[in-house]
Protein chains: 2
Amino acid sequence: MSRWAPGARERLEMAALQLYDQHGYEQTTTTQIAERAGLAQRTFFRHFTDKREVLFGGAGRLREFLVEGVEAAPAAVAPLEAVIGALSAAREVLPAERELSRQRGRIIAANPELQEREQIKLSSLSAALSGSLRGRGVPDRVARLAAEAGIAVFKVAYERWLDEPEDEDFAHLVRESLHELRAVTSMLVVSPIEGPHAG
Amino acid sequence: MSRWAPGARERLEMAALQLYDQHGYEQTTTTQIAERAGLAQRTFFRHFTDKREVLFGGAGRLREFLVEGVEAAPAAVAPLEAVIGALSAAREVLPAERELSRQRGRIIAANPELQEREQIKLSSLSAALSGSLRGRGVPDRVARLAAEAGIAVFKVAYERWLDEPEDEDFAHLVRESLHELRAVTSMLVVSPIEGPHAG
DNA sequence: ACCCTGATGGCAGCCACTGCCATCACCCTA
DNA sequence: TAGGGTGATGGCAGTGGCTGCCATCAGGGT
C-alpha cells in the first residue's frame, strides 16, 4: 500500500464542492478543504492554482473535446456548422449526474469571483475554437465571430439544460438555440408587441 | 483650500495605470499606488473594491450609455438593430486619447487576472443589454442572444479599433463586424480554400 | 545497501483586503 | 464665537490566499 491514499485531486474537488455548497465559498478556507480531504493546505495549492480553480477541472476536458470535434469536421463544413457539430455532442463530457452540474452552478451563481473564472473559461474556449477554425483555413475575424456565436449558443443551451426538469437531449437544445440566433441576426425590423418571434 | 487635494479617485487611476505599465501588474502593490497618488493604502480600498477594479472605471459608463441607447430606440427597431445602434455611438464614452485605451489593453493582455475582470465586465454588459431588450417586449432567449451577438460584434470592432494605425470611425467598424457576423450565421456549406469569405 | 524520484507536510513570509477607531477641515446653527 | 455634525482620510491590527524553501519518506532501480 502506498504512503498516501490515491485520488488526492478528486478528494479535494469533492471536499470543496461540499463545503462551498454548505457554508458558502467565501466562508470556506482552503485549509478546511484540505483537512476534509485528509491533506495539508500546501498540498491543495500543488493541485490547484487557486481557491477557485478546484471547481473548474471540467473546463479543460470540454475544451479538448470541442477542439477535436471541430478539427474532425469535413473541410466542406461551414465554420459555425463545425462548431455547432462539436457542441451537439458535448453532453458526454458533462458529469453523468446532472445534479452535480446544477450544484456547481448554484455555487458559482452566488459568487462574483467564481463567475469571473467561469467567464474566462468560456473565453478561452472561444479562443481555442477560433484557433481550430483558423487551422481549417477560415479567415481570422470570421473564425472569431463563428467561435463567439458558438459560445453564445452553448451558453443558452447549457443554461436551459440545467433549468429543465428532465435531462433533455443536449444536441436538440443546441440546435434550437442556433435557430434562434439565426432568426435574431437576420431579423431587421419587427414589431415586438404583435409579431411572433423565433422560439 | 480643502484639507485634501480633490480628484483622489482619478489620481489613483492614473498612478495605477502608470505603475502597472512600468513595473507590471503583479509587481505593483496597492501601497505603491496609494503613495504615488499621495494617499494611504486604506484610501485606495475606499475608492476601489480591489486591485483590479482601478482599471475598469469606464465599464460602468459604457454600460449606462448602451442601455440608454437601446431604450431610446424606436419600438419598431429589431433587437439586434437596437443594440448595434447603441454600439455605433460608443466612441464617445471611450477615452478621447486612444493611446490610453491601448496602454490599458496591453496591461490587461499581460495578466490573466485582469482578463477575468474584463470578461465579467463584458458579461454584465451583455446582461444589461439583454435586460433592456426584455423591457422592450423581446422574448427572453431572443434578448439574450441578441445581446450576446452584439457583444461579439463589439469585441471584434473594439479590438480592430485598437489595432488600426489610425483612429478609425468606430461606427463603421461596428457595421462591418455586424455584416461579418450575419455572413457567418447564414453560411451553411463553404469550401474554405476556394471560396471568398466575408471580410 | 545505495540513491533517486515524487508526493507530501511544515513553516515563515508577503500582500490583498477588512474592521475599527481617530483625526480634522468644512459647514450649519445658535 | 462656540458647538456639533459630516465626510474623507490615516493608522493599525488581524485574516487568509498564496509562495518559497526545506524536510520527510515510500517505492523503485542498481
# chains A, B, ... in the order shown; residues from 1 in each chain; ligands from 1

$ closest_atom_pairs --of "chain B" --to "chain D" --cutoff "8 Å" --atoms "only C-alpha atoms (C1' of nucleotides)" --output "JSON lines"
{"residue": "B:Ala40", "atom": "CA", "partner": "D:DG10", "partner_atom": "C1'", "distance": 6.7}
{"residue": "B:Arg42", "atom": "CA", "partner": "D:DG10", "partner_atom": "C1'", "distance": 7.7}
{"residue": "B:Thr43", "atom": "CA", "partner": "D:DT9", "partner_atom": "C1'", "distance": 6.9}

$ residues_around --residues "range 10-18 of chain C" --least-positions-apart "3" --cutoff "8 Å" --atoms "only C-alpha atoms (C1' of nucleotides)" --output "list in words"
Thr29, Phe45, Asp50 and Lys51 of chain B

$ write_last_selection --atoms "N, CA and C atoms" --output "tab-separated table (two decimals), in the first residue's frame"
chain	number	residue	atom	x	y	z
B	29	THR	N	2.32	46.98	-5.81
B	29	THR	CA	1.47	46.81	-4.64
B	29	THR	C	0.51	47.98	-4.52
B	45	PHE	N	-8.63	51.37	-1.01
B	45	PHE	CA	-9.71	50.39	-0.93
B	45	PHE	C	-11.05	51.03	-0.57
B	50	ASP	N	-11.15	46.35	-5.30
B	50	ASP	CA	-9.92	45.56	-5.26
B	50	ASP	C	-8.89	46.12	-6.22
B	51	LYS	N	-7.76	45.47	-6.25
B	51	LYS	CA	-6.61	45.96	-7.02
B	51	LYS	C	-6.88	46.04	-8.51

$ interface_residues --of "chain B" --to "chain C" --cutoff "12 Å" --atoms "only C-alpha atoms (C1' of nucleotides)" --output "list in words"
Met1, Ser2, Arg3, Trp4, Ala5, Glu26, Gln27, Thr28, Thr29, Thr30, Thr31, Gln32, Gln41, Arg42, Thr43, Phe44, Phe45, Arg46, Phe48, Thr49, Asp50, Lys51 and Arg52 of chain B

$ closest_atom_pairs --of "chain B" --to "chain A" --cutoff "9 Å" --atoms "only C-alpha atoms" --output "JSON lines"
{"residue": "B:Ala75", "atom": "CA", "partner": "A:Ser191", "partner_atom": "CA", "distance": 6.9}
{"residue": "B:Ala76", "atom": "CA", "partner": "A:Ser191", "partner_atom": "CA", "distance": 4.9}
{"residue": "B:Val77", "atom": "CA", "partner": "A:Val189", "partner_atom": "CA", "distance": 5.2}
{"residue": "B:Ala78", "atom": "CA", "partner": "A:Val189", "partner_atom": "CA", "distance": 4.6}
{"residue": "B:Pro79", "atom": "CA", "partner": "A:Val184", "partner_atom": "CA", "distance": 7.5}
{"residue": "B:Leu80", "atom": "CA", "partner": "A:Val184", "partner_atom": "CA", "distance": 6.7}
{"residue": "B:Glu81", "atom": "CA", "partner": "A:Leu188", "partner_atom": "CA", "distance": 6.9}
{"residue": "B:Pro112", "atom": "CA", "partner": "A:Ile120", "partner_atom": "CA", "distance": 8.6}
{"residue": "B:Gln115", "atom": "CA", "partner": "A:Ile120", "partner_atom": "CA", "distance": 7.3}
{"residue": "B:Glu116", "atom": "CA", "partner": "A:Glu116", "partner_atom": "CA", "distance": 5.3}
{"residue": "B:Arg117", "atom": "CA", "partner": "A:Glu116", "partner_atom": "CA", "distance": 6.3}
{"residue": "B:Glu118", "atom": "CA", "partner": "A:Glu116", "partner_atom": "CA", "distance": 8.7}
{"residue": "B:Gln119", "atom": "CA", "partner": "A:Gln119", "partner_atom": "CA", "distance": 6.0}
{"residue": "B:Ile120", "atom": "CA", "partner": "A:Glu116", "partner_atom": "CA", "distance": 5.4}
{"residue": "B:Lys121", "atom": "CA", "partner": "A:Glu116", "partner_atom": "CA", "distance": 8.9}
{"residue": "B:Ser123", "atom": "CA", "partner": "A:Gln119", "partner_atom": "CA", "distance": 7.6}
{"residue": "B:Arg136", "atom": "CA", "partner": "A:Pro192", "partner_atom": "CA", "distance": 7.2}
{"residue": "B:Gly137", "atom": "CA", "partner": "A:Pro192", "partner_atom": "CA", "distance": 5.7}
{"residue": "B:Val138", "atom": "CA", "partner": "A:Pro192", "partner_atom": "CA", "distance": 6.0}
{"residue": "B:Pro139", "atom": "CA", "partner": "A:His197", "partner_atom": "CA", "distance": 7.5}
{"residue": "B:Arg141", "atom": "CA", "partner": "A:Val156", "partner_atom": "CA", "distance": 7.4}
{"residue": "B:Val142", "atom": "CA", "partner": "A:Val184", "partner_atom": "CA", "distance": 6.6}
{"residue": "B:Ala143", "atom": "CA", "partner": "A:Val184", "partner_atom": "CA", "distance": 8.7}
{"residue": "B:Arg144", "atom": "CA", "partner": "A:Val156", "partner_atom": "CA", "distance": 7.9}
{"residue": "B:Leu145", "atom": "CA", "partner": "A:Leu181", "partner_atom": "CA", "distance": 6.0}
{"residue": "B:Ala146", "atom": "CA", "partner": "A:Val184", "partner_atom": "CA", "distance": 6.1}
{"residue": "B:Glu148", "atom": "CA", "partner": "A:Ala152", "partner_atom": "CA", "distance": 6.1}
{"residue": "B:Ala149", "atom": "CA", "partner": "A:Ala149", "partner_atom": "CA", "distance": 6.7}
{"residue": "B:Ala152", "atom": "CA", "partner": "A:Glu148", "partner_atom": "CA", "distance": 6.1}
{"residue": "B:Val153", "atom": "CA", "partner": "A:Leu145", "partner_atom": "CA", "distance": 7.6}
{"residue": "B:Val156", "atom": "CA", "partner": "A:Arg141", "partner_atom": "CA", "distance": 7.4}
{"residue": "B:Ser177", "atom": "CA", "partner": "A:Arg141", "partner_atom": "CA", "distance": 8.3}
{"residue": "B:Leu178", "atom": "CA", "partner": "A:Thr185", "partner_atom": "CA", "distance": 8.8}
{"residue": "B:Glu180", "atom": "CA", "partner": "A:Val142", "partner_atom": "CA", "distance": 6.6}
{"residue": "B:Leu181", "atom": "CA", "partner": "A:Leu145", "partner_atom": "CA", "distance": 6.0}
{"residue": "B:Arg182", "atom": "CA", "partner": "A:Thr185", "partner_atom": "CA", "distance": 6.0}
{"residue": "B:Ala183", "atom": "CA", "partner": "A:Val142", "partner_atom": "CA", "distance": 8.5}
{"residue": "B:Val184", "atom": "CA", "partner": "A:Ala146", "partner_atom": "CA", "distance": 6.1}
{"residue": "B:Thr185", "atom": "CA", "partner": "A:Arg182", "partner_atom": "CA", "distance": 6.0}
{"residue": "B:Ser186", "atom": "CA", "partner": "A:Arg182", "partner_atom": "CA", "distance": 7.0}
{"residue": "B:Met187", "atom": "CA", "partner": "A:Ala78", "partner_atom": "CA", "distance": 6.4}
{"residue": "B:Leu188", "atom": "CA", "partner": "A:Ala78", "partner_atom": "CA", "distance": 5.5}
{"residue": "B:Val189", "atom": "CA", "partner": "A:Ala78", "partner_atom": "CA", "distance": 4.7}
{"residue": "B:Val190", "atom": "CA", "partner": "A:Ala78", "partner_atom": "CA", "distance": 5.2}
{"residue": "B:Ser191", "atom": "CA", "partner": "A:Ala76", "partner_atom": "CA", "distance": 4.8}
{"residue": "B:Pro192", "atom": "CA", "partner": "A:Gly137", "partner_atom": "CA", "distance": 5.8}
{"residue": "B:Ile193", "atom": "CA", "partner": "A:Gly137", "partner_atom": "CA", "distance": 6.5}
{"residue": "B:His197", "atom": "CA", "partner": "A:Pro139", "partner_atom": "CA", "distance": 7.4}
{"residue": "B:Ala198", "atom": "CA", "partner": "A:Val142", "partner_atom": "CA", "distance": 7.2}
{"residue": "B:Gly199", "atom": "CA", "partner": "A:Val142", "partner_atom": "CA", "distance": 7.6}

$ write_last_selection --atoms "C-alpha atoms" --output "PDB file, in the first residue's frame"
ATOM      1  CA  ALA B  75     -40.209  50.309 -30.777  1.00  0.00           C
ATOM      2  CA  ALA B  76     -40.220  49.016 -34.357  1.00  0.00           C
ATOM      3  CA  VAL B  77     -36.447  48.502 -34.414  1.00  0.00           C
ATOM      4  CA  ALA B  78     -35.361  44.868 -34.224  1.00  0.00           C
ATOM      5  CA  PRO B  79     -33.472  43.734 -31.084  1.00  0.00           C
ATOM      6  CA  LEU B  80     -30.043  43.341 -32.627  1.00  0.00           C
ATOM      7  CA  GLU B  81     -30.504  46.580 -34.572  1.00  0.00           C
ATOM      8  CA  PRO B 112      -4.974  36.619 -16.707  1.00  0.00           C
ATOM      9  CA  GLN B 115      -8.642  39.411 -18.334  1.00  0.00           C
ATOM     10  CA  GLU B 116     -11.060  37.758 -15.955  1.00  0.00           C
ATOM     11  CA  ARG B 117     -12.277  41.105 -14.770  1.00  0.00           C
ATOM     12  CA  GLU B 118     -12.642  42.369 -18.327  1.00  0.00           C
ATOM     13  CA  GLN B 119     -14.619  39.297 -19.301  1.00  0.00           C
ATOM     14  CA  ILE B 120     -17.080  39.739 -16.491  1.00  0.00           C
ATOM     15  CA  LYS B 121     -17.489  43.396 -17.324  1.00  0.00           C
ATOM     16  CA  SER B 123     -20.707  39.707 -19.405  1.00  0.00           C
ATOM     17  CA  ARG B 136     -38.943  46.416 -24.964  1.00  0.00           C
ATOM     18  CA  GLY B 137     -41.036  43.263 -25.113  1.00  0.00           C
ATOM     19  CA  VAL B 138     -38.402  40.999 -26.625  1.00  0.00           C
ATOM     20  CA  PRO B 139     -38.714  37.356 -25.528  1.00  0.00           C
ATOM     21  CA  ARG B 141     -33.851  33.926 -25.203  1.00  0.00           C
ATOM     22  CA  VAL B 142     -34.067  36.218 -28.198  1.00  0.00           C
ATOM     23  CA  ALA B 143     -32.977  39.107 -25.998  1.00  0.00           C
ATOM     24  CA  ARG B 144     -30.153  37.041 -24.590  1.00  0.00           C
ATOM     25  CA  LEU B 145     -28.866  36.007 -27.995  1.00  0.00           C
ATOM     26  CA  ALA B 146     -29.204  39.484 -29.469  1.00  0.00           C
ATOM     27  CA  GLU B 148     -24.513  38.190 -26.883  1.00  0.00           C
ATOM     28  CA  ALA B 149     -24.318  38.743 -30.618  1.00  0.00           C
ATOM     29  CA  ALA B 152     -19.389  39.648 -30.057  1.00  0.00           C
ATOM     30  CA  VAL B 153     -19.650  42.390 -32.646  1.00  0.00           C
ATOM     31  CA  VAL B 156     -14.246  42.417 -32.721  1.00  0.00           C
ATOM     32  CA  SER B 177     -18.389  43.333 -37.858  1.00  0.00           C
ATOM     33  CA  LEU B 178     -22.131  43.002 -37.929  1.00  0.00           C
ATOM     34  CA  GLU B 180     -19.447  39.562 -40.979  1.00  0.00           C
ATOM     35  CA  LEU B 181     -21.493  38.030 -38.207  1.00  0.00           C
ATOM     36  CA  ARG B 182     -24.520  37.884 -40.496  1.00  0.00           C
ATOM     37  CA  ALA B 183     -22.451  36.169 -43.125  1.00  0.00           C
ATOM     38  CA  VAL B 184     -21.185  33.660 -40.569  1.00  0.00           C
ATOM     39  CA  THR B 185     -24.592  32.769 -39.212  1.00  0.00           C
ATOM     40  CA  SER B 186     -26.145  32.348 -42.648  1.00  0.00           C
ATOM     41  CA  MET B 187     -23.249  30.421 -44.145  1.00  0.00           C
ATOM     42  CA  LEU B 188     -24.200  26.781 -44.394  1.00  0.00           C
ATOM     43  CA  VAL B 189     -21.649  24.985 -46.500  1.00  0.00           C
ATOM     44  CA  VAL B 190     -18.481  26.504 -47.822  1.00  0.00           C
ATOM     45  CA  SER B 191     -15.240  25.342 -49.296  1.00  0.00           C
ATOM     46  CA  PRO B 192     -12.701  27.174 -47.141  1.00  0.00           C
ATOM     47  CA  ILE B 193      -9.911  27.001 -49.700  1.00  0.00           C
ATOM     48  CA  HIS B 197     -15.370  34.851 -47.307  1.00  0.00           C
ATOM     49  CA  ALA B 198     -16.988  37.840 -45.763  1.00  0.00           C
ATOM     50  CA  GLY B 199     -14.472  40.479 -44.801  1.00  0.00           C
TER      51      GLY B 199
END

$ residues_around --residues "range 94-111 of chain B" --least-positions-apart "3" --cutoff "9 Å" --atoms "only C-alpha atoms (C1' of nucleotides)" --output "PyMOL selection string"
chain B and resi 17+20-21+24-26+55+58+62+90-91+114-116+118+162-163+167

$ write_last_selection --atoms "N, CA and C atoms" --output "mmCIF file, in the first residue's frame"
data_model
loop_
_atom_site.group_PDB
_atom_site.id
_atom_site.type_symbol
_atom_site.label_atom_id
_atom_site.label_comp_id
_atom_site.auth_asym_id
_atom_site.auth_seq_id
_atom_site.Cartn_x
_atom_site.Cartn_y
_atom_site.Cartn_z
ATOM 1 N N LEU B 17 -2.367 53.017 -13.523
ATOM 2 C CA LEU B 17 -2.087 52.793 -14.943
ATOM 3 C C LEU B 17 -0.580 52.890 -15.207
ATOM 4 N N TYR B 20 1.343 49.918 -13.262
ATOM 5 C CA TYR B 20 1.092 48.627 -13.904
ATOM 6 C C TYR B 20 1.854 48.541 -15.227
ATOM 7 N N ASP B 21 1.900 49.654 -15.940
ATOM 8 C CA ASP B 21 2.566 49.644 -17.240
ATOM 9 C C ASP B 21 4.083 49.552 -17.072
ATOM 10 N N GLY B 24 4.692 46.258 -14.183
ATOM 11 C CA GLY B 24 3.868 45.063 -14.235
ATOM 12 C C GLY B 24 2.804 45.067 -13.155
ATOM 13 N N TYR B 25 1.687 44.389 -13.435
ATOM 14 C CA TYR B 25 0.561 44.404 -12.503
ATOM 15 C C TYR B 25 0.901 43.688 -11.197
ATOM 16 N N GLU B 26 1.461 42.507 -11.311
ATOM 17 C CA GLU B 26 1.740 41.724 -10.105
ATOM 18 C C GLU B 26 2.819 42.356 -9.242
ATOM 19 N N LEU B 55 -8.711 49.694 -12.911
ATOM 20 C CA LEU B 55 -8.549 49.797 -14.364
ATOM 21 C C LEU B 55 -9.885 49.805 -15.106
ATOM 22 N N GLY B 58 -14.256 52.807 -16.537
ATOM 23 C CA GLY B 58 -15.023 53.161 -17.722
ATOM 24 C C GLY B 58 -16.128 52.188 -18.062
ATOM 25 N N LEU B 62 -19.799 52.926 -19.914
ATOM 26 C CA LEU B 62 -20.182 52.275 -21.176
ATOM 27 C C LEU B 62 -21.518 51.564 -21.038
ATOM 28 N N ALA B 90 -20.710 54.369 -29.485
ATOM 29 C CA ALA B 90 -19.965 54.143 -28.238
ATOM 30 C C ALA B 90 -18.617 54.859 -28.205
ATOM 31 N N ARG B 91 -18.146 55.327 -29.346
ATOM 32 C CA ARG B 91 -16.854 56.014 -29.363
ATOM 33 C C ARG B 91 -16.793 57.147 -28.355
ATOM 34 N N LEU B 114 -6.561 40.134 -14.825
ATOM 35 C CA LEU B 114 -7.236 41.302 -15.380
ATOM 36 C C LEU B 114 -8.156 40.904 -16.527
ATOM 37 N N GLN B 115 -7.766 39.891 -17.265
ATOM 38 C CA GLN B 115 -8.642 39.411 -18.334
ATOM 39 C C GLN B 115 -9.936 38.864 -17.750
ATOM 40 N N GLU B 116 -9.837 38.226 -16.602
ATOM 41 C CA GLU B 116 -11.060 37.758 -15.955
ATOM 42 C C GLU B 116 -11.989 38.922 -15.655
ATOM 43 N N GLU B 118 -12.113 41.809 -17.084
ATOM 44 C CA GLU B 118 -12.642 42.369 -18.327
ATOM 45 C C GLU B 118 -13.769 41.486 -18.871
ATOM 46 N N LEU B 162 -8.512 49.330 -31.834
ATOM 47 C CA LEU B 162 -7.229 49.489 -31.146
ATOM 48 C C LEU B 162 -6.068 49.158 -32.073
ATOM 49 N N ASP B 163 -6.249 48.170 -32.939
ATOM 50 C CA ASP B 163 -5.128 47.685 -33.743
ATOM 51 C C ASP B 163 -4.821 48.572 -34.939
ATOM 52 N N ASP B 167 -7.142 56.296 -35.815
ATOM 53 C CA ASP B 167 -8.372 56.227 -35.022
ATOM 54 C C ASP B 167 -9.561 56.200 -35.975
#
